[in-house]
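K.L.:
Next comes the structure file input08.cif, holding mmCIF, N, CA and C atoms.
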```cif
data_my_file
#
loop_
_atom_site.label_atom_id
_atom_site.label_comp_id
_atom_site.auth_asym_id
_atom_site.auth_seq_id
_atom_site.Cartn_x
_atom_site.Cartn_y
_atom_site.Cartn_z
N MET P 1 39.46 2.88 -12.46
CA MET P 1 38.82 3.48 -11.30
C MET P 1 37.69 4.43 -11.72
N GLN P 2 37.97 5.23 -12.76
CA GLN P 2 36.99 6.19 -13.26
C GLN P 2 35.77 5.45 -13.83
N THR P 3 35.99 4.34 -14.52
CA THR P 3 34.91 3.54 -15.10
C THR P 3 34.02 2.97 -13.99
N LYS P 4 34.62 2.54 -12.92
CA LYS P 4 33.87 1.97 -11.80
C LYS P 4 32.94 3.02 -11.19
N LYS P 5 33.39 4.25 -11.05
CA LYS P 5 32.57 5.33 -10.51
C LYS P 5 31.40 5.64 -11.45
N ILE P 6 31.63 5.62 -12.74
CA ILE P 6 30.57 5.89 -13.71
C ILE P 6 29.51 4.79 -13.65
N VAL P 7 29.95 3.54 -13.55
CA VAL P 7 29.01 2.41 -13.47
C VAL P 7 28.17 2.51 -12.21
N VAL P 8 28.80 2.77 -11.07
CA VAL P 8 28.08 2.88 -9.80
C VAL P 8 27.10 4.05 -9.85
N ALA P 9 27.51 5.19 -10.37
CA ALA P 9 26.63 6.36 -10.47
C ALA P 9 25.47 6.06 -11.42
N SER P 10 25.71 5.37 -12.51
CA SER P 10 24.65 5.02 -13.45
C SER P 10 23.62 4.09 -12.82
N ILE P 11 24.11 3.10 -12.10
CA ILE P 11 23.20 2.16 -11.42
C ILE P 11 22.36 2.90 -10.38
N PHE P 12 22.98 3.78 -9.62
CA PHE P 12 22.26 4.56 -8.62
C PHE P 12 21.20 5.44 -9.28
N LEU P 13 21.54 6.09 -10.38
CA LEU P 13 20.60 6.94 -11.10
C LEU P 13 19.42 6.13 -11.64
N LEU P 14 19.68 4.98 -12.22
CA LEU P 14 18.61 4.12 -12.71
C LEU P 14 17.70 3.64 -11.58
N LEU P 15 18.29 3.32 -10.45
CA LEU P 15 17.51 2.90 -9.28
C LEU P 15 16.60 4.04 -8.81
N MET P 16 17.10 5.25 -8.76
CA MET P 16 16.30 6.40 -8.32
C MET P 16 15.17 6.68 -9.31
N ILE P 17 15.43 6.57 -10.59
CA ILE P 17 14.40 6.79 -11.60
C ILE P 17 13.32 5.71 -11.47
N THR P 18 13.73 4.47 -11.31
CA THR P 18 12.78 3.37 -11.16
C THR P 18 11.91 3.56 -9.92
N LEU P 19 12.50 3.92 -8.80
CA LEU P 19 11.73 4.16 -7.58
C LEU P 19 10.77 5.34 -7.76
N GLY P 20 11.19 6.36 -8.48
CA GLY P 20 10.32 7.50 -8.75
C GLY P 20 9.11 7.11 -9.58
N ILE P 21 9.30 6.21 -10.54
CA ILE P 21 8.19 5.75 -11.37
C ILE P 21 7.24 4.86 -10.57
N VAL P 22 7.79 3.96 -9.75
CA VAL P 22 6.98 3.03 -8.98
C VAL P 22 6.14 3.75 -7.94
N PHE P 23 6.72 4.70 -7.25
CA PHE P 23 6.04 5.36 -6.13
C PHE P 23 5.54 6.76 -6.46
N ARG P 24 5.28 7.03 -7.72
CA ARG P 24 4.78 8.35 -8.09
C ARG P 24 3.38 8.53 -7.52
N PRO P 25 3.02 9.74 -7.17
CA PRO P 25 1.71 9.96 -6.55
C PRO P 25 0.58 9.78 -7.55
N LEU P 26 -0.57 9.45 -7.01
CA LEU P 26 -1.76 9.27 -7.81
C LEU P 26 -2.25 10.64 -8.28
N PRO P 27 -2.51 10.80 -9.57
CA PRO P 27 -2.99 12.10 -10.05
C PRO P 27 -4.42 12.34 -9.56
N PRO P 28 -4.82 13.60 -9.48
CA PRO P 28 -6.21 13.88 -9.08
C PRO P 28 -7.19 13.34 -10.14
N ALA P 29 -8.34 12.93 -9.69
CA ALA P 29 -9.34 12.36 -10.60
C ALA P 29 -9.98 13.47 -11.43
N THR P 30 -9.98 13.27 -12.74
CA THR P 30 -10.65 14.17 -13.68
C THR P 30 -11.47 13.30 -14.63
N PRO P 31 -12.42 13.87 -15.34
CA PRO P 31 -13.18 13.05 -16.30
C PRO P 31 -12.29 12.39 -17.36
N ASP P 32 -11.16 13.01 -17.69
CA ASP P 32 -10.27 12.46 -18.71
C ASP P 32 -9.47 11.25 -18.25
N ASN P 33 -9.18 11.16 -16.94
CA ASN P 33 -8.33 10.06 -16.47
C ASN P 33 -9.07 9.09 -15.54
N THR P 34 -10.40 9.12 -15.59
CA THR P 34 -11.19 8.23 -14.74
C THR P 34 -11.88 7.18 -15.60
N LEU P 35 -11.79 5.94 -15.18
CA LEU P 35 -12.43 4.82 -15.87
C LEU P 35 -13.58 4.30 -15.00
N ARG P 36 -14.57 3.69 -15.65
CA ARG P 36 -15.74 3.17 -14.94
C ARG P 36 -15.85 1.68 -15.20
N THR P 37 -16.21 0.96 -14.15
CA THR P 37 -16.50 -0.46 -14.30
C THR P 37 -17.78 -0.76 -13.52
N GLN P 38 -18.49 -1.76 -13.96
CA GLN P 38 -19.71 -2.18 -13.30
C GLN P 38 -19.58 -3.64 -12.92
N GLY P 39 -20.23 -4.01 -11.85
CA GLY P 39 -20.20 -5.41 -11.45
C GLY P 39 -20.96 -5.63 -10.17
N THR P 40 -20.99 -6.87 -9.77
CA THR P 40 -21.65 -7.27 -8.53
C THR P 40 -20.58 -7.54 -7.48
N ILE P 41 -20.75 -6.98 -6.32
CA ILE P 41 -19.76 -7.15 -5.26
C ILE P 41 -19.76 -8.59 -4.78
N GLU P 42 -18.60 -9.20 -4.89
CA GLU P 42 -18.42 -10.57 -4.41
C GLU P 42 -17.93 -10.57 -2.97
N GLN P 43 -16.99 -9.67 -2.67
CA GLN P 43 -16.43 -9.58 -1.32
C GLN P 43 -16.18 -8.13 -0.96
N VAL P 44 -16.34 -7.84 0.32
CA VAL P 44 -15.93 -6.56 0.89
C VAL P 44 -14.89 -6.91 1.93
N LEU P 45 -13.68 -6.40 1.74
CA LEU P 45 -12.56 -6.73 2.63
C LEU P 45 -12.12 -5.49 3.39
N GLU P 46 -11.53 -5.71 4.54
CA GLU P 46 -11.00 -4.61 5.35
C GLU P 46 -9.50 -4.80 5.50
N THR P 47 -8.74 -3.72 5.31
CA THR P 47 -7.29 -3.79 5.48
C THR P 47 -6.94 -3.55 6.94
N GLN P 48 -5.67 -3.71 7.27
CA GLN P 48 -5.21 -3.46 8.64
C GLN P 48 -5.40 -2.00 9.03
N ASN P 49 -5.39 -1.11 8.06
CA ASN P 49 -5.53 0.32 8.33
C ASN P 49 -6.99 0.77 8.30
N LYS P 50 -7.92 -0.15 8.38
CA LYS P 50 -9.36 0.13 8.38
C LYS P 50 -9.84 0.74 7.06
N ASN P 51 -9.17 0.42 5.96
CA ASN P 51 -9.62 0.84 4.65
C ASN P 51 -10.46 -0.28 4.04
N VAL P 52 -11.16 0.01 2.95
CA VAL P 52 -12.09 -0.94 2.36
C VAL P 52 -11.60 -1.35 0.97
N VAL P 53 -11.75 -2.65 0.66
CA VAL P 53 -11.39 -3.20 -0.64
C VAL P 53 -12.59 -3.98 -1.16
N PHE P 54 -12.96 -3.72 -2.43
CA PHE P 54 -14.05 -4.45 -3.07
C PHE P 54 -13.47 -5.44 -4.07
N LYS P 55 -14.07 -6.61 -4.12
CA LYS P 55 -13.78 -7.61 -5.15
C LYS P 55 -15.08 -7.87 -5.87
N LEU P 56 -15.08 -7.66 -7.21
CA LEU P 56 -16.28 -7.88 -8.01
C LEU P 56 -16.27 -9.27 -8.62
N LYS P 57 -17.44 -9.82 -8.85
CA LYS P 57 -17.56 -11.13 -9.50
C LYS P 57 -17.03 -11.02 -10.93
N ASP P 58 -16.33 -12.05 -11.37
CA ASP P 58 -15.79 -12.15 -12.73
C ASP P 58 -14.84 -11.00 -13.07
N ASP P 59 -14.15 -10.46 -12.08
CA ASP P 59 -13.18 -9.38 -12.27
C ASP P 59 -11.97 -9.72 -11.41
N ASP P 60 -10.78 -9.76 -12.02
CA ASP P 60 -9.60 -10.15 -11.26
C ASP P 60 -8.92 -8.98 -10.56
N ARG P 61 -9.52 -7.80 -10.60
CA ARG P 61 -8.94 -6.63 -9.93
C ARG P 61 -9.57 -6.43 -8.56
N PHE P 62 -8.85 -5.69 -7.72
CA PHE P 62 -9.35 -5.26 -6.42
C PHE P 62 -9.49 -3.75 -6.46
N TYR P 63 -10.55 -3.23 -5.86
CA TYR P 63 -10.82 -1.80 -5.87
C TYR P 63 -10.68 -1.28 -4.44
N TYR P 64 -9.74 -0.38 -4.26
CA TYR P 64 -9.27 0.04 -2.95
C TYR P 64 -9.76 1.45 -2.63
N ILE P 65 -10.40 1.60 -1.46
CA ILE P 65 -10.80 2.92 -0.97
C ILE P 65 -9.95 3.22 0.25
N GLN P 66 -9.24 4.32 0.18
CA GLN P 66 -8.31 4.65 1.24
C GLN P 66 -9.00 5.29 2.45
N ASP P 67 -10.23 5.73 2.30
CA ASP P 67 -10.99 6.32 3.39
C ASP P 67 -12.10 5.37 3.80
N ASP P 68 -12.63 5.57 5.02
CA ASP P 68 -13.83 4.84 5.41
C ASP P 68 -14.98 5.31 4.55
N LEU P 69 -15.87 4.40 4.16
CA LEU P 69 -17.03 4.82 3.37
C LEU P 69 -17.89 5.78 4.17
N GLU P 70 -18.31 5.37 5.30
CA GLU P 70 -19.06 6.22 6.22
C GLU P 70 -18.59 5.86 7.61
N LYS P 71 -18.17 6.84 8.33
CA LYS P 71 -17.61 6.59 9.66
C LYS P 71 -18.65 5.99 10.61
N GLU P 72 -19.95 6.28 10.36
CA GLU P 72 -20.99 5.79 11.26
C GLU P 72 -21.25 4.29 11.09
N ARG P 73 -20.90 3.74 9.94
CA ARG P 73 -21.17 2.32 9.66
C ARG P 73 -19.97 1.47 10.06
N SER P 74 -20.28 0.31 10.61
CA SER P 74 -19.21 -0.62 10.93
C SER P 74 -18.87 -1.41 9.66
N PHE P 75 -17.73 -2.03 9.67
CA PHE P 75 -17.32 -2.83 8.53
C PHE P 75 -18.29 -3.99 8.29
N ARG P 76 -18.77 -4.61 9.34
CA ARG P 76 -19.72 -5.73 9.21
C ARG P 76 -21.02 -5.27 8.56
N GLU P 77 -21.48 -4.05 8.88
CA GLU P 77 -22.68 -3.52 8.24
C GLU P 77 -22.45 -3.33 6.74
N LEU P 78 -21.26 -2.82 6.38
CA LEU P 78 -20.93 -2.65 4.96
C LEU P 78 -20.92 -3.99 4.24
N GLN P 79 -20.32 -4.99 4.85
CA GLN P 79 -20.30 -6.31 4.24
C GLN P 79 -21.72 -6.83 4.00
N ARG P 80 -22.54 -6.70 4.99
CA ARG P 80 -23.92 -7.21 4.91
C ARG P 80 -24.73 -6.43 3.86
N GLU P 81 -24.57 -5.10 3.84
CA GLU P 81 -25.36 -4.27 2.92
C GLU P 81 -24.90 -4.36 1.47
N LEU P 82 -23.60 -4.57 1.23
CA LEU P 82 -23.07 -4.48 -0.13
C LEU P 82 -22.84 -5.82 -0.82
N SER P 83 -22.65 -6.87 -0.07
CA SER P 83 -22.38 -8.17 -0.70
C SER P 83 -23.51 -8.57 -1.63
N GLY P 84 -23.14 -8.90 -2.87
CA GLY P 84 -24.11 -9.33 -3.86
C GLY P 84 -24.84 -8.20 -4.57
N LYS P 85 -24.52 -6.96 -4.26
CA LYS P 85 -25.21 -5.81 -4.87
C LYS P 85 -24.46 -5.32 -6.12
N PRO P 86 -25.20 -4.88 -7.15
CA PRO P 86 -24.56 -4.31 -8.34
C PRO P 86 -24.10 -2.87 -8.05
N VAL P 87 -22.87 -2.55 -8.47
CA VAL P 87 -22.31 -1.22 -8.24
C VAL P 87 -21.61 -0.73 -9.50
N GLU P 88 -21.42 0.58 -9.55
CA GLU P 88 -20.55 1.23 -10.54
C GLU P 88 -19.37 1.77 -9.76
N ILE P 89 -18.17 1.43 -10.20
CA ILE P 89 -16.96 1.90 -9.53
C ILE P 89 -16.16 2.73 -10.53
N TYR P 90 -15.75 3.90 -10.09
CA TYR P 90 -14.91 4.78 -10.89
C TYR P 90 -13.52 4.78 -10.26
N TYR P 91 -12.50 4.64 -11.10
CA TYR P 91 -11.13 4.62 -10.59
C TYR P 91 -10.21 5.40 -11.54
N VAL P 92 -9.09 5.84 -10.98
CA VAL P 92 -8.14 6.65 -11.75
C VAL P 92 -7.32 5.76 -12.66
N LYS P 93 -7.23 6.16 -13.92
CA LYS P 93 -6.39 5.47 -14.90
C LYS P 93 -4.95 5.89 -14.61
N HIS P 94 -4.20 4.97 -14.01
CA HIS P 94 -2.85 5.29 -13.52
C HIS P 94 -2.02 4.02 -13.53
N TRP P 95 -0.92 4.03 -14.28
CA TRP P 95 -0.07 2.86 -14.34
C TRP P 95 1.15 3.03 -13.45
N THR P 96 1.48 1.99 -12.72
CA THR P 96 2.75 1.92 -12.00
C THR P 96 3.30 0.51 -12.18
N ALA P 97 4.51 0.31 -11.73
CA ALA P 97 5.13 -1.01 -11.85
C ALA P 97 4.45 -2.05 -10.99
N VAL P 98 3.66 -1.63 -10.01
CA VAL P 98 2.96 -2.59 -9.16
C VAL P 98 1.57 -2.93 -9.70
N ASP P 99 1.23 -2.51 -10.92
CA ASP P 99 -0.06 -2.82 -11.52
C ASP P 99 -0.33 -4.32 -11.69
N PRO P 100 0.68 -5.16 -11.83
CA PRO P 100 0.35 -6.59 -11.87
C PRO P 100 -0.41 -7.07 -10.63
N LEU P 101 -0.41 -6.29 -9.56
CA LEU P 101 -1.19 -6.65 -8.37
C LEU P 101 -2.69 -6.43 -8.61
N ARG P 102 -3.03 -5.70 -9.67
CA ARG P 102 -4.42 -5.45 -10.08
C ARG P 102 -5.23 -4.72 -9.02
N VAL P 103 -4.59 -3.77 -8.34
CA VAL P 103 -5.29 -2.96 -7.33
C VAL P 103 -5.54 -1.58 -7.92
N LYS P 104 -6.80 -1.16 -7.92
CA LYS P 104 -7.18 0.13 -8.49
C LYS P 104 -7.68 1.04 -7.38
N HIS P 105 -7.27 2.31 -7.43
CA HIS P 105 -7.67 3.29 -6.43
C HIS P 105 -9.02 3.89 -6.82
N VAL P 106 -10.01 3.69 -5.98
CA VAL P 106 -11.38 4.10 -6.26
C VAL P 106 -11.57 5.59 -5.98
N THR P 107 -12.28 6.27 -6.88
CA THR P 107 -12.61 7.67 -6.67
C THR P 107 -14.10 7.87 -6.39
N LYS P 108 -14.93 6.91 -6.86
CA LYS P 108 -16.37 7.05 -6.64
C LYS P 108 -17.02 5.68 -6.74
N VAL P 109 -18.06 5.46 -5.89
CA VAL P 109 -18.84 4.22 -5.93
C VAL P 109 -20.31 4.61 -5.96
N HIS P 110 -21.04 4.07 -6.94
CA HIS P 110 -22.49 4.27 -7.04
C HIS P 110 -23.18 2.95 -6.76
N LEU P 111 -24.19 3.00 -5.93
CA LEU P 111 -25.03 1.84 -5.63
C LEU P 111 -26.46 2.25 -5.94
N ASN P 112 -27.06 1.66 -6.98
CA ASN P 112 -28.43 2.00 -7.39
C ASN P 112 -28.59 3.50 -7.62
N LYS P 113 -27.67 4.08 -8.39
CA LYS P 113 -27.70 5.51 -8.74
C LYS P 113 -27.47 6.44 -7.55
N LEU P 114 -27.15 5.88 -6.39
CA LEU P 114 -26.86 6.66 -5.19
C LEU P 114 -25.35 6.66 -4.98
N THR P 115 -24.76 7.83 -4.77
CA THR P 115 -23.31 7.89 -4.55
C THR P 115 -23.02 7.42 -3.13
N LEU P 116 -22.38 6.27 -3.05
CA LEU P 116 -22.02 5.69 -1.77
C LEU P 116 -20.70 6.26 -1.26
N TYR P 117 -19.80 6.57 -2.20
CA TYR P 117 -18.50 7.11 -1.84
C TYR P 117 -18.01 8.01 -2.96
N SER P 118 -17.38 9.12 -2.60
CA SER P 118 -16.73 10.00 -3.56
C SER P 118 -15.52 10.63 -2.89
N SER P 119 -14.39 10.60 -3.57
CA SER P 119 -13.19 11.18 -2.99
C SER P 119 -13.11 12.69 -3.24
N ASN P 120 -14.01 13.24 -4.04
CA ASN P 120 -14.00 14.68 -4.34
C ASN P 120 -14.67 15.49 -3.28
#
```
Show how you would write the structure in this file as structure tokens.

P.N.:
Amino acid sequence: MQTKKIVVASIFLLLMITLGIVFRPLPPATPDNTLRTQGTIEQVLETQNKNVVFKLKDDDRFYYIQDDLEKERSFRELQRELSGKPVEIYYVKHWTAVDPLRVKHVTKVHLNKLTLYSSN
């Protein structure tokens, strides 16, 4: 009976640790933990929550912006203006168990040396 309680408690503890690692919060962006990538926007996607996702050509990752880029612009305007344009995207270097989904949280987007989005 005592062994059964130890096994159940151990499994519960491992489950809680795993969930803590998977759903840990994103650290604030600093120069030390921010990575930069460059590419041409292949697609601009909109999520159900009205957030924006970029897909770059020849890149298997998705770059996710949790805020609207500019509240004054419609999503269709963003698609039209950004599709096919070269951009620099900065994202936080942060590993979680869901990284195989290849979704990166964007902190800054530059379009022709102009800051299009910044989370700071």

K.L.:
Using all atoms listed in the file, which residues of range 3-66 of chain P come within 7 Å of range 106-111 of chain P, and what is the closest atom pair for each, with the distance in Å to one decimal? Give it as CSV, sorted by chain and residue number.

P.N.:
```
residue,atom,partner,partner_atom,distance
P:Ala29,CA,P:Thr107,CA,6.9
P:Tyr63,C,P:Val106,N,5.2
P:Tyr64,C,P:Val106,N,4.0
P:Ile65,N,P:Val106,N,5.0
P:Gln66,N,P:Val106,N,6.2
```

K.L.:
For CA of Asp59 in chain P and CA of Asn112 in chain P, quote the distance in Å rounded to one decimal.

P.N.:
19.6 Å

K.L.:
Enumerate, as a ChimeraX atom specification, the complete set of residues in chain P that a backbone-based DSSP assignment places in strand (DSSP E or B).

P.N.:
/P:34-46,52-56,62-65,86-92,103-111,114-118

K.L.:
Tell me, in Å to one decimal, how far CA of Val53 in chain P is from atom N of Tyr91 in chain P.

P.N.:
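Atom-to-atom, CA of Val53 in chain P to atom N of Tyr91 in chain P, that is 13.1 Å.
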
K.L.:
Tell me, as a compact mmCIF listing (two decimals) with N, CA and C atoms, in the frame of the given file, which residues lie within 7 Å of Gln79 in chain P, counting all atoms listed in the file; anything in the same chain fewer than 5 positions away does not count.

P.N.:
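See part_32.txt below for the written result:
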```txt
# COMPACT_ATOMS: atom_id res chain seq x y z
N GLN P 43 -16.99 -9.67 -2.67
CA GLN P 43 -16.43 -9.58 -1.32
C GLN P 43 -16.18 -8.13 -0.96
N VAL P 44 -16.34 -7.84 0.32
CA VAL P 44 -15.93 -6.56 0.89
C VAL P 44 -14.89 -6.91 1.93
N SER P 74 -20.28 0.31 10.61
CA SER P 74 -19.21 -0.62 10.93
C SER P 74 -18.87 -1.41 9.66
```

K.L.:
Do you know which residues the PyMOL selection byres ((chain P and resi 81-87) around 6) returns on this file, as a CSV table (one decimal) with N, CA and C atoms, in the coordinates of the input?

P.N.:
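Result file expr31.csv:
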```csv
chain,number,residue,atom,x,y,z
P,37,THR,N,-16.2,1.0,-14.2
P,37,THR,CA,-16.5,-0.5,-14.3
P,37,THR,C,-17.8,-0.8,-13.5
P,38,GLN,N,-18.5,-1.8,-14.0
P,38,GLN,CA,-19.7,-2.2,-13.3
P,38,GLN,C,-19.6,-3.6,-12.9
P,39,GLY,N,-20.2,-4.0,-11.8
P,39,GLY,CA,-20.2,-5.4,-11.4
P,39,GLY,C,-21.0,-5.6,-10.2
P,40,THR,N,-21.0,-6.9,-9.8
P,40,THR,CA,-21.6,-7.3,-8.5
P,40,THR,C,-20.6,-7.5,-7.5
P,41,ILE,N,-20.8,-7.0,-6.3
P,41,ILE,CA,-19.8,-7.2,-5.3
P,41,ILE,C,-19.8,-8.6,-4.8
P,42,GLU,N,-18.6,-9.2,-4.9
P,42,GLU,CA,-18.4,-10.6,-4.4
P,42,GLU,C,-17.9,-10.6,-3.0
P,43,GLN,N,-17.0,-9.7,-2.7
P,43,GLN,CA,-16.4,-9.6,-1.3
P,43,GLN,C,-16.2,-8.1,-1.0
P,76,ARG,N,-18.8,-4.6,9.3
P,76,ARG,CA,-19.7,-5.7,9.2
P,76,ARG,C,-21.0,-5.3,8.6
P,77,GLU,N,-21.5,-4.0,8.9
P,77,GLU,CA,-22.7,-3.5,8.2
P,77,GLU,C,-22.4,-3.3,6.7
P,78,LEU,N,-21.3,-2.8,6.4
P,78,LEU,CA,-20.9,-2.6,5.0
P,78,LEU,C,-20.9,-4.0,4.2
P,79,GLN,N,-20.3,-5.0,4.8
P,79,GLN,CA,-20.3,-6.3,4.2
P,79,GLN,C,-21.7,-6.8,4.0
P,80,ARG,N,-22.5,-6.7,5.0
P,80,ARG,CA,-23.9,-7.2,4.9
P,80,ARG,C,-24.7,-6.4,3.9
P,88,GLU,N,-21.4,0.6,-9.6
P,88,GLU,CA,-20.6,1.2,-10.5
P,88,GLU,C,-19.4,1.8,-9.8
P,89,ILE,N,-18.2,1.4,-10.2
P,89,ILE,CA,-17.0,1.9,-9.5
P,89,ILE,C,-16.2,2.7,-10.5
P,110,HIS,N,-21.0,4.1,-6.9
P,110,HIS,CA,-22.5,4.3,-7.0
P,110,HIS,C,-23.2,3.0,-6.8
P,111,LEU,N,-24.2,3.0,-5.9
P,111,LEU,CA,-25.0,1.8,-5.6
P,111,LEU,C,-26.5,2.2,-5.9
P,112,ASN,N,-27.1,1.7,-7.0
P,112,ASN,CA,-28.4,2.0,-7.4
P,112,ASN,C,-28.6,3.5,-7.6
```

K.L.:
Go through P:Ser119, P:Thr18, P:Gln48, P:Thr34 and flag the residue nearest Tyr90 in chain P, using only C-alpha atoms for the distances.

P.N.:
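Closest to Tyr90 in chain P, using only C-alpha atoms: P:Thr34.
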
K.L.:
Expressed in Å to a single decimal, how great is the separation between atom C of Arg61 in chain P and atom N of Met16 in chain P?

P.N.:
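That distance, rounded to one decimal, is 29.1 Å.
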
K.L.:
Which neighbours of Lys93 in chain P fall inside 8 Å, counting only N, CA and C atoms, when residues of the same chain fewer than 6 positions from it are skipped, and could you give them as a short mmCIF file (atom, residue, chain, number, x, y, z; two decimals) with N, CA and C atoms, in the coordinates of the input?

P.N.:
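File selection.cif, as written:
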```cif
data_model
loop_
_atom_site.label_atom_id
_atom_site.label_comp_id
_atom_site.auth_asym_id
_atom_site.auth_seq_id
_atom_site.Cartn_x
_atom_site.Cartn_y
_atom_site.Cartn_z
N PRO P 27 -2.51 10.80 -9.57
CA PRO P 27 -2.99 12.10 -10.05
C PRO P 27 -4.42 12.34 -9.56
N ALA P 29 -8.34 12.93 -9.69
CA ALA P 29 -9.34 12.36 -10.60
C ALA P 29 -9.98 13.47 -11.43
N THR P 30 -9.98 13.27 -12.74
CA THR P 30 -10.65 14.17 -13.68
C THR P 30 -11.47 13.30 -14.63
N ASP P 32 -11.16 13.01 -17.69
CA ASP P 32 -10.27 12.46 -18.71
C ASP P 32 -9.47 11.25 -18.25
N ASN P 33 -9.18 11.16 -16.94
CA ASN P 33 -8.33 10.06 -16.47
C ASN P 33 -9.07 9.09 -15.54
N THR P 34 -10.40 9.12 -15.59
CA THR P 34 -11.19 8.23 -14.74
C THR P 34 -11.88 7.18 -15.60
N LEU P 35 -11.79 5.94 -15.18
CA LEU P 35 -12.43 4.82 -15.87
C LEU P 35 -13.58 4.30 -15.00
N ARG P 36 -14.57 3.69 -15.65
CA ARG P 36 -15.74 3.17 -14.94
C ARG P 36 -15.85 1.68 -15.20
N HIS P 105 -7.27 2.31 -7.43
CA HIS P 105 -7.67 3.29 -6.43
C HIS P 105 -9.02 3.89 -6.82
#
```

K.L.:
Please return as a PyMOL selection string: the residues of chain P that backbone DSSP assigns to helix (DSSP H, G or I).

P.N.:
chain P and resi 2-22+75-82+99-101
